[in-house]
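target23.pdb (PDB, C-alpha atoms, pLDDT in the B column)
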```pdb
ATOM      1  CA  MET A 159       0.032   4.245 -11.610  1.00 52.00           C
ATOM      2  CA  GLN A 160      -0.038   8.039 -11.222  1.00 54.00           C
ATOM      3  CA  LYS A 161      -1.106   8.433 -14.847  1.00 55.00           C
ATOM      4  CA  LEU A 162      -3.903   5.920 -14.280  1.00 52.00           C
ATOM      5  CA  LEU A 163      -5.172   7.734 -11.214  1.00 51.00           C
ATOM      6  CA  ASP A 164      -4.945  11.195 -12.768  1.00 53.00           C
ATOM      7  CA  THR A 165      -6.757   9.971 -15.877  1.00 48.00           C
ATOM      8  CA  PHE A 166      -9.378   8.146 -13.851  1.00 50.00           C
ATOM      9  CA  ILE A 167     -10.100  10.950 -11.445  1.00 48.00           C
ATOM     10  CA  SER A 168     -10.385  13.553 -14.206  1.00 46.00           C
ATOM     11  CA  ALA A 169     -12.289  11.376 -16.669  1.00 44.00           C
ATOM     12  CA  ASN A 170     -15.662  12.643 -17.853  1.00 45.00           C
ATOM     13  CA  GLU A 171     -17.267   9.321 -17.036  1.00 45.00           C
ATOM     14  CA  VAL A 172     -16.595   9.791 -13.324  1.00 46.00           C
ATOM     15  CA  ASN A 173     -19.569  11.247 -11.495  1.00 48.00           C
ATOM     16  CA  GLN A 174     -18.198  12.417  -8.155  1.00 49.00           C
ATOM     17  CA  LEU A 175     -20.094  13.769  -5.198  1.00 47.00           C
ATOM     18  CA  THR A 176     -20.068  17.556  -4.942  1.00 43.00           C
ATOM     19  CA  LYS A 177     -17.663  17.102  -2.062  1.00 58.00           C
ATOM     20  CA  LEU A 178     -16.122  13.659  -2.171  1.00 62.00           C
ATOM     21  CA  ILE A 179     -16.383  12.048   1.261  1.00 69.00           C
ATOM     22  CA  ASN A 180     -13.474  10.050   2.609  1.00 82.00           C
ATOM     23  CA  ILE A 181     -14.026   6.380   1.809  1.00 86.00           C
ATOM     24  CA  PHE A 182     -13.563   5.431   5.471  1.00 86.00           C
ATOM     25  CA  GLU A 183     -16.217   7.812   6.821  1.00 86.00           C
ATOM     26  CA  GLU A 184     -19.528   6.456   8.069  1.00 81.00           C
ATOM     27  CA  ASP A 185     -21.510   8.738   5.761  1.00 87.00           C
ATOM     28  CA  PHE A 186     -19.834   7.415   2.625  1.00 90.00           C
ATOM     29  CA  ASP A 187     -22.342   4.632   1.900  1.00 89.00           C
ATOM     30  CA  ARG A 188     -25.307   6.908   2.498  1.00 89.00           C
ATOM     31  CA  GLU A 189     -23.922   9.584   0.171  1.00 89.00           C
ATOM     32  CA  VAL A 190     -23.238   7.006  -2.550  1.00 91.00           C
ATOM     33  CA  GLU A 191     -26.799   5.696  -2.300  1.00 90.00           C
ATOM     34  CA  ARG A 192     -28.095   9.208  -2.964  1.00 90.00           C
ATOM     35  CA  LEU A 193     -26.706   9.022  -6.490  1.00 91.00           C
ATOM     36  CA  VAL A 194     -28.906   7.858  -9.351  1.00 92.00           C
ATOM     37  CA  GLY A 195     -27.730   4.846 -11.331  1.00 94.00           C
ATOM     38  CA  ASP A 196     -25.284   2.030 -10.675  1.00 96.00           C
ATOM     39  CA  ASN A 197     -22.654   3.558 -12.959  1.00 95.00           C
ATOM     40  CA  ALA A 198     -22.603   6.837 -11.026  1.00 92.00           C
ATOM     41  CA  LYS A 199     -22.342   4.942  -7.744  1.00 93.00           C
ATOM     42  CA  ALA A 200     -19.535   2.752  -9.081  1.00 94.00           C
ATOM     43  CA  ASP A 201     -17.591   5.737 -10.421  1.00 92.00           C
ATOM     44  CA  THR A 202     -17.869   7.545  -7.109  1.00 91.00           C
ATOM     45  CA  ILE A 203     -16.600   4.536  -5.155  1.00 93.00           C
ATOM     46  CA  LEU A 204     -13.721   3.998  -7.599  1.00 93.00           C
ATOM     47  CA  SER A 205     -12.848   7.688  -7.622  1.00 90.00           C
ATOM     48  CA  ALA A 206     -12.744   7.835  -3.822  1.00 91.00           C
ATOM     49  CA  THR A 207     -10.666   4.651  -3.772  1.00 92.00           C
ATOM     50  CA  ALA A 208      -8.236   6.090  -6.328  1.00 92.00           C
ATOM     51  CA  LYS A 209      -7.864   9.225  -4.228  1.00 90.00           C
ATOM     52  CA  THR A 210      -7.042   7.143  -1.155  1.00 92.00           C
ATOM     53  CA  ILE A 211      -4.504   5.133  -3.157  1.00 93.00           C
ATOM     54  CA  ARG A 212      -2.769   8.283  -4.331  1.00 92.00           C
ATOM     55  CA  GLU A 213      -2.637   9.722  -0.816  1.00 92.00           C
ATOM     56  CA  ASN A 214      -1.370   6.537   0.871  1.00 93.00           C
ATOM     57  CA  ARG A 215       0.683   4.718  -1.771  1.00 95.00           C
ATOM     58  CA  GLU A 216       4.065   5.347  -0.132  1.00 96.00           C
ATOM     59  CA  GLN A 217       2.967   3.452   2.967  1.00 96.00           C
ATOM     60  CA  ASN A 218       2.723   0.216   0.983  1.00 96.00           C
ATOM     61  CA  PRO A 219       3.502   0.547  -2.760  1.00 96.00           C
ATOM     62  CA  ASN A 220       3.007  -3.148  -3.487  1.00 95.00           C
ATOM     63  CA  PHE A 221      -0.503  -3.238  -2.020  1.00 94.00           C
ATOM     64  CA  TYR A 222      -1.710   0.030  -3.524  1.00 95.00           C
ATOM     65  CA  ASP A 223      -0.232  -0.664  -6.962  1.00 95.00           C
ATOM     66  CA  LYS A 224      -2.080  -3.975  -7.117  1.00 93.00           C
ATOM     67  CA  LEU A 225      -5.268  -2.216  -6.100  1.00 94.00           C
ATOM     68  CA  SER A 226      -4.837   0.418  -8.807  1.00 94.00           C
ATOM     69  CA  GLN A 227      -4.341  -2.381 -11.346  1.00 94.00           C
ATOM     70  CA  LYS A 228      -7.667  -3.843 -10.268  1.00 95.00           C
ATOM     71  CA  ILE A 229      -9.322  -0.460 -10.825  1.00 95.00           C
ATOM     72  CA  GLU A 230      -7.774  -0.222 -14.289  1.00 94.00           C
ATOM     73  CA  HIS A 231      -9.055  -3.708 -15.116  1.00 96.00           C
ATOM     74  CA  ILE A 232     -12.604  -2.766 -14.076  1.00 96.00           C
ATOM     75  CA  LEU A 233     -12.531   0.360 -16.232  1.00 95.00           C
ATOM     76  CA  GLN A 234     -11.163  -1.531 -19.241  1.00 95.00           C
ATOM     77  CA  GLU A 235     -13.764  -4.264 -18.923  1.00 97.00           C
ATOM     78  CA  TYR A 236     -16.561  -1.708 -18.608  1.00 96.00           C
ATOM     79  CA  ARG A 237     -15.395   0.334 -21.585  1.00 95.00           C
ATOM     80  CA  ALA A 238     -15.176  -2.868 -23.631  1.00 96.00           C
ATOM     81  CA  GLY A 239     -18.784  -3.683 -22.775  1.00 96.00           C
ATOM     82  CA  ARG A 240     -17.921  -6.789 -20.802  1.00 97.00           C
ATOM     83  CA  LEU A 241     -19.345  -5.385 -17.564  1.00 97.00           C
ATOM     84  CA  SER A 242     -22.844  -4.041 -17.020  1.00 97.00           C
ATOM     85  CA  ASP A 243     -23.487  -1.074 -14.731  1.00 97.00           C
ATOM     86  CA  GLU A 244     -24.570  -3.535 -12.045  1.00 97.00           C
ATOM     87  CA  ASP A 245     -21.393  -5.589 -12.483  1.00 98.00           C
ATOM     88  CA  LYS A 246     -19.248  -2.466 -12.337  1.00 97.00           C
ATOM     89  CA  LEU A 247     -20.870  -1.426  -9.062  1.00 97.00           C
ATOM     90  CA  LYS A 248     -20.345  -4.878  -7.561  1.00 97.00           C
ATOM     91  CA  HIS A 249     -16.647  -4.830  -8.506  1.00 97.00           C
ATOM     92  CA  ALA A 250     -16.288  -1.272  -7.188  1.00 96.00           C
ATOM     93  CA  LYS A 251     -17.697  -2.374  -3.822  1.00 95.00           C
ATOM     94  CA  ASP A 252     -15.298  -5.334  -3.817  1.00 95.00           C
ATOM     95  CA  ILE A 253     -12.395  -2.932  -4.413  1.00 94.00           C
ATOM     96  CA  ARG A 254     -13.494  -0.791  -1.489  1.00 93.00           C
ATOM     97  CA  ALA A 255     -13.739  -3.897   0.713  1.00 92.00           C
ATOM     98  CA  ILE A 256     -10.147  -4.798  -0.194  1.00 92.00           C
ATOM     99  CA  LEU A 257      -9.029  -1.283   0.680  1.00 92.00           C
ATOM    100  CA  MET A 258     -10.832  -1.434   4.009  1.00 88.00           C
ATOM    101  CA  SER A 259      -9.321  -4.817   4.888  1.00 83.00           C
ATOM    102  CA  LYS A 260      -5.829  -3.881   3.568  1.00 78.00           C
ATOM    103  CA  GLN A 261      -5.591  -7.393   2.143  1.00 73.00           C
ATOM    104  CA  ILE A 262      -5.539  -8.089  -1.595  1.00 69.00           C
ATOM    105  CA  ASN A 263      -6.642 -11.725  -1.379  1.00 62.00           C
ATOM    106  CA  ALA A 264      -8.936 -13.277   1.203  1.00 53.00           C
ATOM    107  CA  ASP A 265      -6.494 -16.167   1.676  1.00 51.00           C
ATOM    108  CA  SER A 266      -3.364 -13.990   1.980  1.00 62.00           C
ATOM    109  CA  ASN A 267      -3.268 -13.865   5.763  1.00 78.00           C
ATOM    110  CA  TYR A 268      -0.165 -12.361   7.313  1.00 89.00           C
ATOM    111  CA  PRO A 269       1.978 -14.396   9.707  1.00 93.00           C
ATOM    112  CA  SER A 270       0.704 -14.000  13.270  1.00 92.00           C
ATOM    113  CA  ALA A 271       3.987 -12.403  14.381  1.00 95.00           C
ATOM    114  CA  ILE A 272       3.270  -9.294  12.295  1.00 95.00           C
ATOM    115  CA  ASN A 273      -0.499  -9.416  11.967  1.00 89.00           C
ATOM    116  CA  ASN A 274      -1.142  -6.370  14.158  1.00 88.00           C
ATOM    117  CA  GLN A 275       1.821  -4.302  12.952  1.00 94.00           C
ATOM    118  CA  VAL A 276       1.042  -2.016  10.019  1.00 94.00           C
ATOM    119  CA  CYS A 277       4.620  -1.178   9.039  1.00 97.00           C
ATOM    120  CA  ALA A 278       5.785  -4.774   9.360  1.00 97.00           C
ATOM    121  CA  LYS A 279       2.970  -5.914   7.069  1.00 96.00           C
ATOM    122  CA  ALA A 280       3.940  -3.282   4.503  1.00 97.00           C
ATOM    123  CA  LEU A 281       7.564  -4.431   4.660  1.00 98.00           C
ATOM    124  CA  TYR A 282       6.370  -8.014   4.273  1.00 97.00           C
ATOM    125  CA  ASP A 283       4.388  -7.114   1.132  1.00 95.00           C
ATOM    126  CA  ASN A 284       7.211  -5.164  -0.478  1.00 97.00           C
ATOM    127  CA  LEU A 285      10.223  -7.329   0.408  1.00 97.00           C
ATOM    128  CA  GLN A 286       8.812 -10.783  -0.353  1.00 95.00           C
ATOM    129  CA  GLU A 287      10.188 -10.835  -3.884  1.00 95.00           C
ATOM    130  CA  THR A 288      13.531  -9.330  -2.888  1.00 95.00           C
ATOM    131  CA  MET A 289      14.053 -11.815  -0.061  1.00 96.00           C
ATOM    132  CA  HIS A 290      12.358 -14.869  -1.551  1.00 95.00           C
ATOM    133  CA  ALA A 291      15.504 -16.952  -1.001  1.00 94.00           C
ATOM    134  CA  LEU A 292      15.252 -16.648   2.780  1.00 96.00           C
ATOM    135  CA  PRO A 293      13.535 -19.283   4.909  1.00 95.00           C
ATOM    136  CA  THR A 294      10.127 -18.032   6.045  1.00 95.00           C
ATOM    137  CA  GLU A 295      11.054 -17.772   9.728  1.00 96.00           C
ATOM    138  CA  GLU A 296      14.206 -15.835   8.860  1.00 97.00           C
ATOM    139  CA  PHE A 297      12.267 -13.492   6.598  1.00 97.00           C
ATOM    140  CA  ILE A 298       9.812 -12.682   9.393  1.00 97.00           C
ATOM    141  CA  ARG A 299      12.716 -12.130  11.809  1.00 98.00           C
ATOM    142  CA  VAL A 300      14.275  -9.671   9.361  1.00 98.00           C
ATOM    143  CA  ILE A 301      10.959  -7.845   8.905  1.00 98.00           C
ATOM    144  CA  LEU A 302      10.621  -7.416  12.668  1.00 98.00           C
ATOM    145  CA  GLN A 303      14.252  -6.332  12.935  1.00 98.00           C
ATOM    146  CA  ILE A 304      13.761  -3.621  10.306  1.00 98.00           C
ATOM    147  CA  ASP A 305      10.484  -2.555  11.889  1.00 98.00           C
ATOM    148  CA  GLU A 306      12.286  -2.136  15.208  1.00 98.00           C
ATOM    149  CA  VAL A 307      14.752   0.267  13.551  1.00 98.00           C
ATOM    150  CA  PHE A 308      11.865   2.596  12.741  1.00 98.00           C
ATOM    151  CA  LYS A 309      10.152   2.107  16.096  1.00 97.00           C
ATOM    152  CA  GLN A 310      13.279   3.355  17.837  1.00 97.00           C
ATOM    153  CA  ALA A 311      13.919   6.180  15.365  1.00 97.00           C
ATOM    154  CA  ALA A 312      10.306   7.404  15.660  1.00 97.00           C
ATOM    155  CA  LYS A 313      10.782   8.050  19.382  1.00 96.00           C
ATOM    156  CA  LYS A 314      12.996  11.030  18.557  1.00 96.00           C
ATOM    157  CA  PRO A 315      11.447  14.416  17.720  1.00 94.00           C
ATOM    158  CA  ASP A 316      11.237  15.367  14.043  1.00 95.00           C
ATOM    159  CA  TRP A 317      13.239  12.250  13.262  1.00 96.00           C
ATOM    160  CA  GLN A 318      12.102  11.972   9.647  1.00 95.00           C
ATOM    161  CA  HIS A 319      13.774  15.311   8.827  1.00 95.00           C
ATOM    162  CA  ASN A 320      16.974  14.659  10.767  1.00 96.00           C
ATOM    163  CA  ASN A 321      19.770  13.705   8.359  1.00 96.00           C
ATOM    164  CA  ASP A 322      21.820  12.017  11.073  1.00 97.00           C
ATOM    165  CA  ILE A 323      18.904   9.779  12.038  1.00 97.00           C
ATOM    166  CA  ARG A 324      18.133   9.013   8.390  1.00 96.00           C
ATOM    167  CA  ASN A 325      21.773   8.030   7.880  1.00 97.00           C
ATOM    168  CA  GLN A 326      21.581   5.790  10.939  1.00 97.00           C
ATOM    169  CA  ILE A 327      18.453   4.145   9.531  1.00 98.00           C
ATOM    170  CA  ASP A 328      20.161   3.561   6.184  1.00 98.00           C
ATOM    171  CA  GLN A 329      23.222   2.121   7.881  1.00 98.00           C
ATOM    172  CA  SER A 330      21.130  -0.201  10.044  1.00 98.00           C
ATOM    173  CA  ILE A 331      19.275  -1.546   6.999  1.00 98.00           C
ATOM    174  CA  ASP A 332      22.538  -1.891   5.079  1.00 98.00           C
ATOM    175  CA  ASP A 333      24.018  -3.882   7.977  1.00 98.00           C
ATOM    176  CA  ILE A 334      20.986  -6.202   7.970  1.00 98.00           C
ATOM    177  CA  LEU A 335      21.334  -6.811   4.225  1.00 97.00           C
ATOM    178  CA  TYR A 336      25.060  -7.451   4.593  1.00 97.00           C
ATOM    179  CA  GLU A 337      24.495 -10.002   7.349  1.00 97.00           C
ATOM    180  CA  LEU A 338      21.902 -11.794   5.233  1.00 97.00           C
ATOM    181  CA  GLU A 339      24.273 -11.973   2.275  1.00 96.00           C
ATOM    182  CA  LYS A 340      27.038 -13.339   4.492  1.00 96.00           C
ATOM    183  CA  GLN A 341      24.862 -15.837   6.369  1.00 96.00           C
ATOM    184  CA  PHE A 342      22.790 -17.200   3.487  1.00 95.00           C
ATOM    185  CA  GLY A 343      25.127 -16.699   0.543  1.00 93.00           C
ATOM    186  CA  ILE A 344      22.642 -14.501  -1.325  1.00 93.00           C
ATOM    187  CA  HIS A 345      23.321 -11.307  -3.266  1.00 94.00           C
ATOM    188  CA  PHE A 346      21.173  -8.201  -3.378  1.00 95.00           C
ATOM    189  CA  GLU A 347      21.728  -6.549  -6.756  1.00 91.00           C
ATOM    190  CA  ASN A 348      20.433  -3.094  -5.810  1.00 93.00           C
ATOM    191  CA  PRO A 349      20.955  -2.562  -2.060  1.00 96.00           C
ATOM    192  CA  THR A 350      20.722   1.232  -2.442  1.00 97.00           C
ATOM    193  CA  GLU A 351      17.264   0.909  -4.011  1.00 97.00           C
ATOM    194  CA  ILE A 352      16.167  -1.566  -1.344  1.00 98.00           C
ATOM    195  CA  ILE A 353      17.309   0.772   1.419  1.00 98.00           C
ATOM    196  CA  ALA A 354      15.510   3.739  -0.170  1.00 97.00           C
ATOM    197  CA  LYS A 355      12.284   1.724  -0.528  1.00 97.00           C
ATOM    198  CA  VAL A 356      12.433   0.436   3.044  1.00 98.00           C
ATOM    199  CA  ARG A 357      13.208   3.904   4.414  1.00 98.00           C
ATOM    200  CA  SER A 358      10.246   5.391   2.547  1.00 97.00           C
ATOM    201  CA  ILE A 359       7.870   2.690   3.786  1.00 98.00           C
ATOM    202  CA  GLY A 360       9.078   3.056   7.363  1.00 98.00           C
ATOM    203  CA  ILE A 361       8.842   6.840   7.424  1.00 97.00           C
ATOM    204  CA  ASN A 362       5.401   6.893   5.802  1.00 97.00           C
ATOM    205  CA  ASN A 363       4.048   4.369   8.285  1.00 96.00           C
ATOM    206  CA  TYR A 364       5.551   5.808  11.457  1.00 97.00           C
ATOM    207  CA  VAL A 365       4.993   9.496  10.778  1.00 93.00           C
ATOM    208  CA  ARG A 366       1.491  10.419  11.866  1.00 70.00           C
TER
END
```
In structure tokens, what does this structure look like?
Amino acid sequence: MQKLLDTFISANEVNQLTKLINIFEEDFDREVERLVGDNAKADTILSATAKTIRENREQNPNFYDKLSQKIEHILQEYRAGRLSDEDKLKHAKDIRAILMSKQINADSNYPSAINNQVCAKALYDNLQETMHALPTEEFIRVILQIDEVFKQAAKKPDWQHNNDIRNQIDQSIDDILYELEKQFGIHFENPTEIIAKVRSIGINNYVR
């Protein structure tokens, strides 16, 4: 993904604003409309989106990686001549709308128990495949349990840099995985990788 973003952002075909405005700012649409041509507008939207992906990926790797794949698909289709400038702009706007909604598919609503919790939704996105064997209600319970670990840790000053707290987080997640294996007879092949991923997601969502 990093190679895609670096290539995209530095590509000659990308016509950026002199000073690229954050995609969430109110002035973004007005600045894009100042550009001449649908291709220039599309490239600016995609470039700003790619920048946001690169800056925020660690909060939710699953979501942002899927979004970057959509950008790559748009660029490939355009280069192959299967998209007009107008089509490219439409798809670029769709990509921005996905980024703004933080939801890849319109029908992929989160369970109500986590719908207003950013970190829990990120955990949900990134642990679905790993914990697919769990009943849905149990999976949501686990997500909320892990989220609570970070809620409590984040109350302590400079917690993300404190090795003792990080070790406590790792141990808490390890204990949760162990209990799941024991209760449901499942086996996590790479618990160390799972713990590292969960820790990264939690830290990047709770550190402001």
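This file, filtered with the PyMOL selection byres ((chain A and resi 362) around 10), gives the residues Asn214, Arg215, Glu216, Gln217, Asn218, Cys277, Gln318, Val356, Arg357, Ser358, Ile359, Gly360, Ile361, Asn363, Tyr364, Val365 and Arg366 of chain A.
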Looking at A:Asp223, A:Asp252, A:Asp245, A:Glu295, which one is nearest to Pro269 (chain A), with distances taken over only C-alpha atoms? A:Glu295
Using the file's own x, y and z axes, so that the box edges lie along x, y and z, what centre and edge lengths in Å (one decimal) does a box around every listed atom of region 188-193 of chain A get when 8 Å is added on each side? Give it as JSON.
```
{"center_x": -25.7, "center_y": 7.6, "center_z": -2.0, "size_x": 20.9, "size_y": 19.9, "size_z": 25.0}
```
To test your reading of the syntax: which residues would the PyMOL selection byres ((chain A and resi 330) around 12) return for the file shown? Reply as a VMD selection string. chain A and resid 300 303 to 308 310 to 311 323 to 329 331 to 337 353 356 to 357
What separates CA of Ser270 (chain A) and CA of Pro219 (chain A) is a distance of 21.8 Å
With only C-alpha atoms as the atoms that count, which of A:Ala250, A:Glu183, A:Ile298, A:Glu213 lies nearest to Ala278 (chain A)? A:Ile298
A straight line from CA of Glu296 (chain A) to CA of Lys260 (chain A) spans 23.9 Å
Could you list, as an MDAnalysis selection string, every residue matched by the PyMOL selection byres ((chain A and resi 190) around 12) in this structure? chainID A and resid 173:181 183:189 191:206 247 250:251
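Proximity to Ala271 (chain A) was assessed for A:Thr294, A:Ser259, A:Gln341, A:Thr288 counting all atoms listed in the file; the smallest distance is recorded for A:Thr294.
You will find CA of Ile211 (chain A) at 11.1 Å from CA of Gln227 (chain A).
Look at Lys246 (chain A): the protein and nucleic acid residues within 7 Å of it, using all atoms listed in the file and passing over chain neighbours fewer than 2 places away, are Asn197, Ala200, Ile232, Tyr236, Leu241, Ser242, Asp243, Glu244, Lys248, His249 and Ala250 of chain A.
For the residues A:His231, A:Arg212, A:Tyr222, A:Met258, ranking by smallest atom-to-atom distance to Phe182 (chain A) using only C-alpha atoms places A:Met258 first.
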